[in-house]
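J.: Before we start, here is the structure in question, set down as structure tokens.
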Amino acid sequence: MSAVLAEAAVARVERRPGALGQFTRNRVAVFGAVLFGVIAVIALLAPVLPLANPDHTDLANRMAPPFSRHALLGTDQLGRDMLSRVVWGTRVSLVVGVVAAFLAATIGSTIGILAAYYGRFVDIALMRGIDMLMAFPYLLLALAIVAALGPSLTHAMIAIVIVNVPFFARSVRGVTVGMRRADFMAAARLSGQSSAQIIAFELFPNVLPVVVVTASTSIGWMILETAGLSFLGLGAQPPMADLGGMLGDGRNLLEVAPHVATIPGIAILLIAVGVNLLGDGVRDILDPRLKSGGLARIRPATEVASRADRMARLPQTGRAEGALLELRGLETRFRIGRSVWQAVNQVDMVVHPGEAIGIVGESGSGKTVTALSILGLVASPPGRIEGGEILFNGEDLLGLQTPRLRAIRGDRIAYVFQDPLTTLNPVQPVGAQVVEALRAHQRLGRKQAWDKAVALLDSVGIPEPGEKAHAYPHEMSGGQRQRIGIAMALANQPDLIVADEPTTALDVTTQARVLKLLADLRRQNAAAMIFISHDFGVVSELCDRIYVMYGGRVVESGRVQDVLNRPAHPYTARLLACVPRIGQGRHRVVPIPGLPPPTNALPNGCAFAPRCSLAIAACRSGEIELGTVGPEHSARCLRSALVLAEGVEGAGAADGGVA
Amino acid sequence: MGSYLIKRLLLLPPVLLGVTVIVFLVMALIPGDPAMAILGTYATPDNLAKVRMELGLNHPLPIRYLFWLDALLHGNLGWSYILHKPVLDEVMSHLGPTMLLAGASLVLCAIVGIPLGIIAAVRQNAWEDKLITVTVLVGVSTPSFWLGMLLILWFAVRLQWMPDGGMHDLFGDGGILDLLTHLALPAITLAAVPAAVLVRLTRTAMLEVMRQDYVRTARAKGVRESRVILRHVFGNALISVIPILGIEAGYVLGGAVYVETVFQWPGIGQMLVNAISTRDILLVQGGVLVVATAYIVINLLTDIAQALLDRRIQTA
Amino acid sequence: MTAPGTASDAAPPVALRSVVREYPGRRPSIFAPRTKLRAVDGVSLDVPRGRTLGIVGESGCGKSTLARMMVGLLPPTEGDILIGGRPVGAYQRRELSRLIQMVFQDPTGSLNPRRTVRRTLEAPLAALRGMNQAARGRRVEELMGLVGLRADFADRYPHEFSGGQSQRIGIARALAAEADILVLDEPVSALDVSVQAQVLALLQDLQRRLGLSYVFISHDLAVVDAVADEVAVMQRGRIVEFGVPDTIFTKPSHAYTRELLASHPGQHKV
């Protein structure tokens, strides 16, 4: 998904705010940190605070209610000062929680790393042991351990450590196993590093965040569970002040002195809330999935600016006659953090009925976002369509009410996506997914729809379609899965098929067969097609006209043969020149220097100018219009006449590769 | 499915055997003379000799384990010298109430936790989500034994809507309604933490699935949004939610110890706490073993449910 | 850059002799023994000194397994892989790493996300070339220059680089060992078209300047045609056709080679 690409690009270009910066932006986590900090400071200062002796009994003043004289929070059944006992008890809970988390993390992650790194017998021996421990309801195992060792705070802590070790071992082993197969581990071995060096310098820094996340999210549990054992009388022993033990005492006084049970409970609750919020904050920073943009809910349709705003920069003239689809001045942006990515910028495109057009460009050129914008399938947030209109049979698709948009999606305009493994639902049989496409737009009974789906599978060349309709995506080959994708797209005989790199994930021989199928079926259905690819070769096989995109804009368009044989934009020309062709034999490849500009920092003027050997001063400022260079052929370039006349090699000397 | 089932069932005996080893080893941790520990105040020379014989204390540890395992396989979990009855009988008489409580909590946890998780995900960052998030945070931070006390204080002591403990009314048999009123507070108490955890994880799973390409495919097909959410998003999120239910079953079985203590629910948890305080070691051992076995069976069921839902697991 | 004494100049830098690699497959039923999958099935090839052997094939044909065996990351099940005339298994890890290195397909996956480029490049300099701190610092600068990156980029982390830049770093790491042979496993497949050309040009320059021998593995016939002196076509673990590119790409004799050629996009309307 291009949104993901855009996010990845952010990481490259903008230096990320530091961990502390991220944390302080998370107000909830800061609240947790402050709460936890205050509690920790009070607990640590317990010996120097002006508190009563927590163990001093005063039977004359027992069960005094809160706000009594001399006892702000009252006294317990032995007349001991509740405030003092809560503070000292908090101290015990925090120390136990931190120590237990540290021990469990150290032991568990050592087991996890060793099991994953050495694999085989070491793995089996260690992890089967861990599995056995996990076969117990974990509190129960802790209880059994304390029962055997005898009640005491230390024993309770040991028990809590033992039952938490498996969680660390498992999650650390999980990430380590994934990492063991990573190429950088193989590279480290090829670099001549020893096993100890690899574990210490390559593995450990990558595992550490997982350990910290697991520890920070489980420390709250450990505090609660240790308190629980004390509550049962198995942890801290009287007269030690301990929150769990205090609750145990308070249980018998519920009716006469509820504060004896309520106050330590509130203390535990506050500690746990502080620790948990802090832990979540730490997790958000260290967990890479949450880092990039967060797990934002994606809306059913892309957010679209109001029509007035969209049309503000659009000339009121020049709608194309008889067009099936027309994009006019389309602008799609991504707002990520403080930067705005102009993924699609002032794009005009026309598709006539039954026509096949190609969009060619490199990653980040905006080709996929353009295609997804048509039916509002750009992920929102962070995507937003901010300019232009998309006319389908004269109706503006942008800003349609959901039911109307849904009526067009999959019915009049259908998509074929790139990677069929991720674009098919893994837990639904493929036949059912085709049925779903049919029944979304046609009144069909279950049986009827199923039969029709099987017929569709047959038409896309799935052998034994009746059987295969019951198969799940993972049971099929890549080529077959993409045939399912094509069957779904054709289910309602659409007027337009949008195919987004449909064969990029496939092997060449499979690609050839799938392309042939797609081309044949499209002609049979007399559907128009937008075909998106990075590969000029593929596009030239299928399409009538071609749009070349760079930096979010169309830089050249025209009939396929014109653009390929007589490119008018230096980017097209250079790109065509640097792709090797079969039969050229061994030759020195002449690359385009530099990198495509990130669309959040587009240069003034032509986006290609910094990489272009023909660029002149005028190329670097102002708006450069798409100019006509031949019949149906246009290019956004001030130097296109030169390119057309002399070719890009002739017009400018190829310069050295500067990255 | 057949071969997956067989493979999964073949894993059962080693796990059960491993559990017996751990239980045995834990009990071998007991400092001093186990016979003394087991008998406590009943430690007459006669009894001591008898127990030492039974446990094979004059043999090395591995041999003792085999003796113990042999007895176990014959359904003999030992004799409770404190209660004067076989351990197995005592454990079995408490198993029903614990399973009832645990089952009720688990059902409660699922029917509250999963829908709230879905709502929180679908209404992300709206007030519903924020309310649920705060509730969940308090939920996971509240010790269940304290929550139980608060509920007793309010609903039993102050409002007197519910009984403050026990499983049945002491006087007369109230039937199913009486059982339910006794079950309500403990089941809610026990379900609170796992339900909160379930809400969180369901929400995360939903949000993760919503980013998947196949959800976009469903929308591109023109599928109704409610169906996209329930069928495609929830259908896949469920794959990661079911194993959580398995883990929560373990939490519920363990947490029952607190809740049964607070509400005087006559289950294994309360039995265990009493057994620990009277140092009835064999009873503790038996109780832990039986509950662990029940948990293993529950885990087997959740694994099978997950494999039925996600066929990729069966072929893996 | 000199070849270590163990390698005799007459022998090809890398020689594969009937190399087989099996993986345990699935059990047909739980009681039957596992089947064996032959990822590589009797491959014999010589890598020409100072030149490029191209290996072409589709996914799953065994070309990556072959690559990993050549650099000693996987042992062959049968047959011999000779580096400088000596079997791979007879070398110490570090000895072998001084002779043959590898560049991986996924440019970002082959860099440790939590180490700076400098530390990644210094690891082989210390372990394989025994360089001290100062010498390593100088060499890192040289290496960065060699692959066309600014020397001050060395203190950045992998996520700050584009795919093409990351691949340059991967190449610099392989060069750090001063090995004469590079196994390039789909080195440009994950890159954008214009960046692909940059990396190909860099590899071509390096070969000319340093006299390296390449094993260039790719699914892309045109790319192999542009860089290889000899080409082997691989299908289901076997070499089905071998020859000079001119013959392979203009007068293919094996049916599979012909199918690959016919499938290459951009040759006709479909």
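Please note that chains go A, B, ... in the order of the structure tokens, that every chain numbers its residues from 1, and that ligands are numbered from 1 in the order shown.
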For A:Leu234, please output as a list of chain:residue names all residues within 9 Å (counting only C-alpha atoms; exclusion window: fewer than 2 positions along the same chain).
T.: A:Leu143, A:Val146, A:Ala147, A:Gly150, A:Pro151, A:Ser152, A:Leu153, A:His155, A:Ala156, A:Gly228, A:Leu229, A:Ser230, A:Phe231, A:Leu232, A:Ala236, A:Gln237, A:Gly245, B:Ile276, B:Ser277
J.: Identify, with DSSP run on backbone atoms, the residues in stretch 20-106 of chain C assigned to helix (DSSP H, G or I), and express the list as a list in words.
T.: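 Answer for stretch 20-106 of chain C, restricted to helix (DSSP H, G or I): Lys63, Ser64, Thr65, Leu66, Ala67, Arg68, Met69, Met70, Val88, Gly89, Ala90, Arg93, Arg94, Glu95, Leu96 and Ser97 of chain C.
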J.: Show me, as a ChimeraX atom specification, the residues of chain A whose atoms get within 7 Å of chain B, using only C-alpha atoms for the distance check.
T.: /A:132,135-140,144-145,147-149,224,251,254,265,269,272-273,295-298,300,377,406-407,409-410,414-415,422-425,427,437,440,474
J.: Give the strand (DSSP E) residues of stretch 108-192 of chain C, as assigned by DSSP on the backbone, as a PDB file with all heavy atoms, in the first residue's frame.
T.:
ATOM      1  N   ILE C 181      35.612 -13.230  -4.791  1.00  0.00           N
ATOM      2  CA  ILE C 181      34.401 -13.766  -5.400  1.00  0.00           C
ATOM      3  C   ILE C 181      33.182 -13.197  -4.680  1.00  0.00           C
ATOM      4  O   ILE C 181      33.126 -13.229  -3.452  1.00  0.00           O
ATOM      5  CB  ILE C 181      34.359 -15.308  -5.284  1.00  0.00           C
ATOM      6  CG1 ILE C 181      35.740 -15.901  -5.587  1.00  0.00           C
ATOM      7  CG2 ILE C 181      33.301 -15.890  -6.186  1.00  0.00           C
ATOM      8  CD1 ILE C 181      35.923 -17.288  -5.009  1.00  0.00           C
ATOM      9  N   LEU C 182      32.237 -12.687  -5.446  1.00  0.00           N
ATOM     10  CA  LEU C 182      30.991 -12.204  -4.852  1.00  0.00           C
ATOM     11  C   LEU C 182      29.827 -13.014  -5.410  1.00  0.00           C
ATOM     12  O   LEU C 182      29.693 -13.159  -6.630  1.00  0.00           O
ATOM     13  CB  LEU C 182      30.746 -10.730  -5.166  1.00  0.00           C
ATOM     14  CG  LEU C 182      31.619  -9.671  -4.513  1.00  0.00           C
ATOM     15  CD1 LEU C 182      30.977  -8.298  -4.690  1.00  0.00           C
ATOM     16  CD2 LEU C 182      31.817  -9.960  -3.038  1.00  0.00           C
ATOM     17  N   VAL C 183      28.994 -13.523  -4.496  1.00  0.00           N
ATOM     18  CA  VAL C 183      27.760 -14.159  -4.907  1.00  0.00           C
ATOM     19  C   VAL C 183      26.667 -13.117  -4.759  1.00  0.00           C
ATOM     20  O   VAL C 183      26.417 -12.615  -3.659  1.00  0.00           O
ATOM     21  CB  VAL C 183      27.459 -15.396  -4.038  1.00  0.00           C
ATOM     22  CG1 VAL C 183      26.125 -15.998  -4.440  1.00  0.00           C
ATOM     23  CG2 VAL C 183      28.569 -16.417  -4.162  1.00  0.00           C
ATOM     24  N   LEU C 184      26.041 -12.734  -5.862  1.00  0.00           N
ATOM     25  CA  LEU C 184      25.030 -11.673  -5.849  1.00  0.00           C
ATOM     26  C   LEU C 184      23.673 -12.330  -6.033  1.00  0.00           C
ATOM     27  O   LEU C 184      23.345 -12.816  -7.119  1.00  0.00           O
ATOM     28  CB  LEU C 184      25.306 -10.683  -6.979  1.00  0.00           C
ATOM     29  CG  LEU C 184      26.746 -10.142  -7.024  1.00  0.00           C
ATOM     30  CD1 LEU C 184      27.083  -9.601  -8.397  1.00  0.00           C
ATOM     31  CD2 LEU C 184      26.956  -9.085  -5.965  1.00  0.00           C
ATOM     32  N   ASP C 185      22.894 -12.401  -4.948  1.00  0.00           N
ATOM     33  CA  ASP C 185      21.610 -13.108  -4.995  1.00  0.00           C
ATOM     34  C   ASP C 185      20.503 -12.100  -5.263  1.00  0.00           C
ATOM     35  O   ASP C 185      20.054 -11.417  -4.357  1.00  0.00           O
ATOM     36  CB  ASP C 185      21.383 -13.846  -3.675  1.00  0.00           C
ATOM     37  CG  ASP C 185      20.130 -14.712  -3.730  1.00  0.00           C
ATOM     38  OD1 ASP C 185      19.532 -14.837  -4.814  1.00  0.00           O
ATOM     39  OD2 ASP C 185      19.747 -15.259  -2.679  1.00  0.00           O
TER      40      ASP C 185
END
J.: So which residues touch stretch 640-648 of chain A within 7 Å, counting only C-alpha atoms, skipping near sequence neighbours fewer than 5 positions away, as a PyMOL selection string?
T.: chain A and resi 566-570+573-574
J.: Given the selection you just returned, output its residues as a file containing N, CA, C and O atoms, formatted as a PDB file, in the first residue's frame.
T.:
ATOM      1  N   ARG A 566       9.513   7.411 -29.289  1.00  0.00           N
ATOM      2  CA  ARG A 566       9.982   8.792 -29.366  1.00  0.00           C
ATOM      3  C   ARG A 566       9.636   9.530 -28.084  1.00  0.00           C
ATOM      4  O   ARG A 566       8.817  10.443 -28.075  1.00  0.00           O
ATOM      5  N   PRO A 567      10.267   9.136 -26.969  1.00  0.00           N
ATOM      6  CA  PRO A 567       9.941   9.801 -25.697  1.00  0.00           C
ATOM      7  C   PRO A 567      10.279  11.286 -25.778  1.00  0.00           C
ATOM      8  O   PRO A 567      11.304  11.652 -26.366  1.00  0.00           O
ATOM      9  N   ALA A 568       9.395  12.118 -25.197  1.00  0.00           N
ATOM     10  CA  ALA A 568       9.598  13.563 -25.280  1.00  0.00           C
ATOM     11  C   ALA A 568      10.050  14.140 -23.943  1.00  0.00           C
ATOM     12  O   ALA A 568      10.466  15.284 -23.873  1.00  0.00           O
ATOM     13  N   HIS A 569       9.949  13.359 -22.869  1.00  0.00           N
ATOM     14  CA  HIS A 569      10.411  13.839 -21.566  1.00  0.00           C
ATOM     15  C   HIS A 569      11.724  13.145 -21.229  1.00  0.00           C
ATOM     16  O   HIS A 569      11.842  11.931 -21.413  1.00  0.00           O
ATOM     17  N   PRO A 570      12.709  13.887 -20.752  1.00  0.00           N
ATOM     18  CA  PRO A 570      14.012  13.257 -20.468  1.00  0.00           C
ATOM     19  C   PRO A 570      13.895  12.093 -19.479  1.00  0.00           C
ATOM     20  O   PRO A 570      14.645  11.120 -19.590  1.00  0.00           O
ATOM     21  N   ALA A 573      12.804   9.087 -21.369  1.00  0.00           N
ATOM     22  CA  ALA A 573      13.886   8.662 -22.242  1.00  0.00           C
ATOM     23  C   ALA A 573      14.987   7.951 -21.451  1.00  0.00           C
ATOM     24  O   ALA A 573      15.459   6.883 -21.840  1.00  0.00           O
ATOM     25  N   ARG A 574      15.392   8.562 -20.339  1.00  0.00           N
ATOM     26  CA  ARG A 574      16.467   7.973 -19.540  1.00  0.00           C
ATOM     27  C   ARG A 574      16.044   6.651 -18.911  1.00  0.00           C
ATOM     28  O   ARG A 574      16.832   5.717 -18.804  1.00  0.00           O
TER      29      ARG A 574
END
J.: Could you state the separation of atom CA of C:Ala190 and atom CA of C:Asp106 in Å, given to one decimal place?
T.: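 These two atoms are separated by 6.3 Å.
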J.: Got a sec: who's within 9 Å of B:Leu77, counting only C-alpha atoms, leaving out chain neighbours fewer than 3 positions off, as a ChimeraX atom specification?
T.: /B:68,71-74,86-88,282-283,285-286
J.: Could you check which of C:Gln105, C:Ser263, C:Thr247, C:Thr120 is closest to chain A, using only C-alpha atoms?
T.: C:Ser263
J.: Can you list, as a PyMOL selection string, every protein, DNA or RNA residue that comes within 7 Å of B:Pro97 when you count only C-alpha atoms, leaving out same-chain residues fewer than 4 positions away?
T.: chain B and resi 101+266-267
J.: Go ahead and save the picked residues with N, CA, C and O atoms, as an mmCIF file, in the first residue's frame.
T.:
data_model
loop_
_atom_site.group_PDB
_atom_site.id
_atom_site.type_symbol
_atom_site.label_atom_id
_atom_site.label_comp_id
_atom_site.auth_asym_id
_atom_site.auth_seq_id
_atom_site.Cartn_x
_atom_site.Cartn_y
_atom_site.Cartn_z
ATOM 1 N N LEU B 101 -18.066 -21.760 38.250
ATOM 2 C CA LEU B 101 -17.659 -20.364 38.409
ATOM 3 C C LEU B 101 -16.754 -19.928 37.249
ATOM 4 O O LEU B 101 -16.960 -18.868 36.637
ATOM 5 N N PRO B 266 -17.518 -22.746 47.425
ATOM 6 C CA PRO B 266 -16.935 -24.034 47.837
ATOM 7 C C PRO B 266 -16.201 -24.753 46.699
ATOM 8 O O PRO B 266 -16.497 -25.909 46.402
ATOM 9 N N GLY B 267 -15.226 -24.102 46.094
ATOM 10 C CA GLY B 267 -14.522 -24.715 44.969
ATOM 11 C C GLY B 267 -13.121 -25.163 45.355
ATOM 12 O O GLY B 267 -12.732 -25.128 46.528
#
J.: Which residues are close to stretch 418-421 of chain A, i.e. within 6 Å by only C-alpha atoms, leaving aside same-chain residues fewer than 5 positions away? Reply as a VMD selection string.
T.: chain A and resid 481 to 482 500 to 502 505
J.: Write out as a ChimeraX atom specification every residue belonging to chain A that has an atom at most 7 Å from any atom of chain C, counting only C-alpha atoms.
T.: /A:11-13,182-184,187,190-193,202,205-206,362-363,507-509,512,516,519,537-538,540-542,575,578-592,657-659
J.: May I ask for the distance between atom CA of A:Ala308 and atom CA of A:Val351, given in Å to one decimal place?
T.: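 Going from atom CA of A:Ala308 over to atom CA of A:Val351 covers 24.7 Å.
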J.: Neighbouring residues of A:Gln401 were defined as those with any atom within 12 Å, considering only C-alpha atoms; residues of the same chain fewer than 4 positions away were excluded. Please report them as a list in words.
T.: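 Neighbouring residues, sequence-local ones excluded: Pro300, Ala301, Thr302, Glu303, Val304, Leu375, Gly376, Asp396, Leu397, Leu405, Arg406, Ala407 and Ile408 of chain A.
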J.: Output C-alpha atoms for every residue in the selection just made, as an mmCIF file, in the first residue's frame.
T.:
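Wrote selection.cif, looks like this:
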data_model
loop_
_atom_site.group_PDB
_atom_site.id
_atom_site.type_symbol
_atom_site.label_atom_id
_atom_site.label_comp_id
_atom_site.auth_asym_id
_atom_site.auth_seq_id
_atom_site.Cartn_x
_atom_site.Cartn_y
_atom_site.Cartn_z
ATOM 1 C CA PRO A 300 -14.740 2.951 4.571
ATOM 2 C CA ALA A 301 -13.927 5.603 1.973
ATOM 3 C CA THR A 302 -11.173 8.169 1.532
ATOM 4 C CA GLU A 303 -11.809 11.526 3.114
ATOM 5 C CA VAL A 304 -12.652 14.084 0.431
ATOM 6 C CA LEU A 375 -13.178 4.800 -5.826
ATOM 7 C CA GLY A 376 -12.040 6.310 -2.531
ATOM 8 C CA ASP A 396 -18.330 13.149 -9.953
ATOM 9 C CA LEU A 397 -17.258 10.124 -7.905
ATOM 10 C CA LEU A 405 -20.271 4.799 -4.076
ATOM 11 C CA ARG A 406 -20.806 1.202 -3.015
ATOM 12 C CA ALA A 407 -23.112 0.654 -5.972
ATOM 13 C CA ILE A 408 -20.282 1.609 -8.337
#
J.: Would you write out, as JSON lines, a table of all residues in chain B that have an atom no more than 12 Å from an atom of chain C, listing for each the closest atom pair and the distance in Å to one decimal, considering only C-alpha atoms and ordering rows by chain and rising residue number?
T.:
{"residue": "B:Gly2", "atom": "CA", "partner": "C:Ser29", "partner_atom": "CA", "distance": 10.5}
{"residue": "B:Ser3", "atom": "CA", "partner": "C:Ile30", "partner_atom": "CA", "distance": 7.0}
{"residue": "B:Tyr4", "atom": "CA", "partner": "C:Ile30", "partner_atom": "CA", "distance": 9.2}
{"residue": "B:Leu5", "atom": "CA", "partner": "C:Ile30", "partner_atom": "CA", "distance": 10.9}
{"residue": "B:Ile6", "atom": "CA", "partner": "C:Ile30", "partner_atom": "CA", "distance": 8.3}
{"residue": "B:Lys7", "atom": "CA", "partner": "C:Ile30", "partner_atom": "CA", "distance": 7.4}
{"residue": "B:Arg8", "atom": "CA", "partner": "C:Ile30", "partner_atom": "CA", "distance": 11.2}
{"residue": "B:Leu10", "atom": "CA", "partner": "C:Ile30", "partner_atom": "CA", "distance": 10.4}
{"residue": "B:Thr315", "atom": "CA", "partner": "C:Arg26", "partner_atom": "CA", "distance": 9.6}
{"residue": "B:Ala316", "atom": "CA", "partner": "C:Arg26", "partner_atom": "CA", "distance": 9.5}
